[in-house]
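Only one structure is covered here, and it is reproduced in the block below.
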Amino acid sequence: SPDGSALPIYESIVAACSIGASDDIAWLQFWLASGSFSFATEFMDEITAYLPEAGEHWYEFEFFLVAWFMLPFTDGSSLIYDLVTEPYITPIAKTLKAKMEGWVQVLLTMVNTAYLWMMWFVFLRLPEQQRRFVTV
């Protein structure tokens, strides 16, 4: 929701513009926990089909969980990071990154090359007057 994102976005911008790294880490942990939770809520319709009582108070649960993630005195996103992300997800992500690092570079090179060729093709199809305007 927009009102639930305004403060985290503002604080993330402030953290990114500051010199210290601790606030950057804290807001990165928040966005990681919040994004994972948002992804999990995509399946709420299927869950409430089997457990209707789970959907009755879902929005209250979501509100308090996001507040727990966000508020500095609860530090919920850091706890989730320390208990879930670091021990379980980080090793998998490191392995995937090591395996895919070369392929990602190849893919990005191919996309950039295709984009440049497309732009060149469009440029060549422009009338002479418009080509002069574009190059100036």
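Labels for the structure tokens follow display order: chains A, B, ..., residues from 1 in each chain, ligands from 1.
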
Give me the region 68-134 of chain A side of the contact with region 13-30 of chain A, cut-off 10 Å, one line per residue showing its nearest atom pair and distance in Å at one decimal, counting only C-alpha atoms, sorted by chain and residue number, as a tab-separated table.
residue	atom	partner	partner_atom	distance
A:Trp68	CA	A:Phe30	CA	9.8
A:Phe69	CA	A:Phe30	CA	6.1
A:Met70	CA	A:Phe30	CA	6.5
A:Leu71	CA	A:Phe30	CA	9.7
A:Pro72	CA	A:Ala26	CA	8.9
A:Asp75	CA	A:Ala26	CA	8.5
A:Gly76	CA	A:Phe30	CA	8.2
A:Ser77	CA	A:Phe30	CA	5.0
A:Ser78	CA	A:Gln29	CA	6.0
A:Leu79	CA	A:Gln29	CA	9.2
A:Ile80	CA	A:Gln29	CA	8.3
A:Tyr81	CA	A:Gln29	CA	6.4
A:Asp82	CA	A:Gln29	CA	9.5
A:Thr85	CA	A:Gln29	CA	9.3

Could you write out that same residue set with N, CA, C and O atoms as a tab-separated table (two decimals), in the first residue's frame?
chain	number	residue	atom	x	y	z
A	68	TRP	N	6.29	-4.42	12.45
A	68	TRP	CA	7.37	-5.12	13.16
A	68	TRP	C	8.65	-5.12	12.33
A	68	TRP	O	9.74	-4.96	12.85
A	69	PHE	N	8.52	-5.29	11.01
A	69	PHE	CA	9.69	-5.21	10.12
A	69	PHE	C	10.31	-3.82	10.16
A	69	PHE	O	11.52	-3.67	10.17
A	70	MET	N	9.47	-2.80	10.19
A	70	MET	CA	9.92	-1.44	9.93
A	70	MET	C	10.38	-0.68	11.17
A	70	MET	O	11.33	0.09	11.09
A	71	LEU	N	9.74	-0.87	12.29
A	71	LEU	CA	10.05	-0.05	13.46
A	71	LEU	C	11.44	-0.36	14.02
A	71	LEU	O	11.80	-1.53	14.18
A	72	PRO	N	12.22	0.68	14.30
A	72	PRO	CA	13.59	0.45	14.74
A	72	PRO	C	13.70	-0.25	16.10
A	72	PRO	O	14.65	-0.99	16.33
A	75	ASP	N	13.02	-4.12	15.33
A	75	ASP	CA	14.10	-4.66	14.51
A	75	ASP	C	13.77	-6.05	13.96
A	75	ASP	O	14.62	-6.94	13.92
A	76	GLY	N	12.52	-6.22	13.52
A	76	GLY	CA	12.06	-7.51	13.03
A	76	GLY	C	12.75	-7.96	11.76
A	76	GLY	O	13.04	-9.15	11.58
A	77	SER	N	13.04	-7.02	10.86
A	77	SER	CA	13.68	-7.42	9.60
A	77	SER	C	15.09	-7.95	9.84
A	77	SER	O	15.52	-8.89	9.17
A	78	SER	N	15.80	-7.41	10.81
A	78	SER	CA	17.14	-7.93	11.14
A	78	SER	C	17.04	-9.33	11.73
A	78	SER	O	17.88	-10.19	11.44
A	79	LEU	N	16.03	-9.55	12.55
A	79	LEU	CA	15.84	-10.88	13.13
A	79	LEU	C	15.54	-11.91	12.04
A	79	LEU	O	16.12	-13.00	12.03
A	80	ILE	N	14.67	-11.56	11.11
A	80	ILE	CA	14.36	-12.46	9.98
A	80	ILE	C	15.62	-12.71	9.16
A	80	ILE	O	15.90	-13.84	8.75
A	81	TYR	N	16.40	-11.66	8.94
A	81	TYR	CA	17.65	-11.82	8.18
A	81	TYR	C	18.60	-12.78	8.90
A	81	TYR	O	19.17	-13.68	8.29
A	82	ASP	N	18.77	-12.58	10.19
A	82	ASP	CA	19.71	-13.41	10.95
A	82	ASP	C	19.25	-14.86	11.09
A	82	ASP	O	20.07	-15.78	11.08
A	85	THR	N	17.39	-15.67	6.41
A	85	THR	CA	18.12	-15.34	5.19
A	85	THR	C	19.57	-15.78	5.23
A	85	THR	O	20.04	-16.46	4.32

Review point. DSSP on the backbone: what in region 6-136 of chain A comes out alpha helix (DSSP H), as a PyMOL selection string?
Key: chain A and resi 6-17+22-41+44-50+52-56+58-70+76-80+90-125+128-135

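For the set A:Thr95, A:Ser38, A:Ser12, A:Asn112, the residue with the smallest atom-to-atom gap to Val66 (chain A) is A:Ser38, counting only C-alpha atoms.
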
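Nearest to Leu83 (chain A) of all the residues A:Leu107, A:Met118, A:Ala6, A:Ala33 is A:Ala33, counting only C-alpha atoms.
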
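For Phe61 (chain A), the non-local neighbours within 12 Å, defined as residues at least 6 positions apart in the same chain or in other chains and counting only C-alpha atoms, are A:Phe37, A:Thr41, A:Ala54, A:Gly55, A:Ala67, A:Trp68.
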
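CA of Ile9 (chain A) lies 18.4 Å from CA of Phe73 (chain A).
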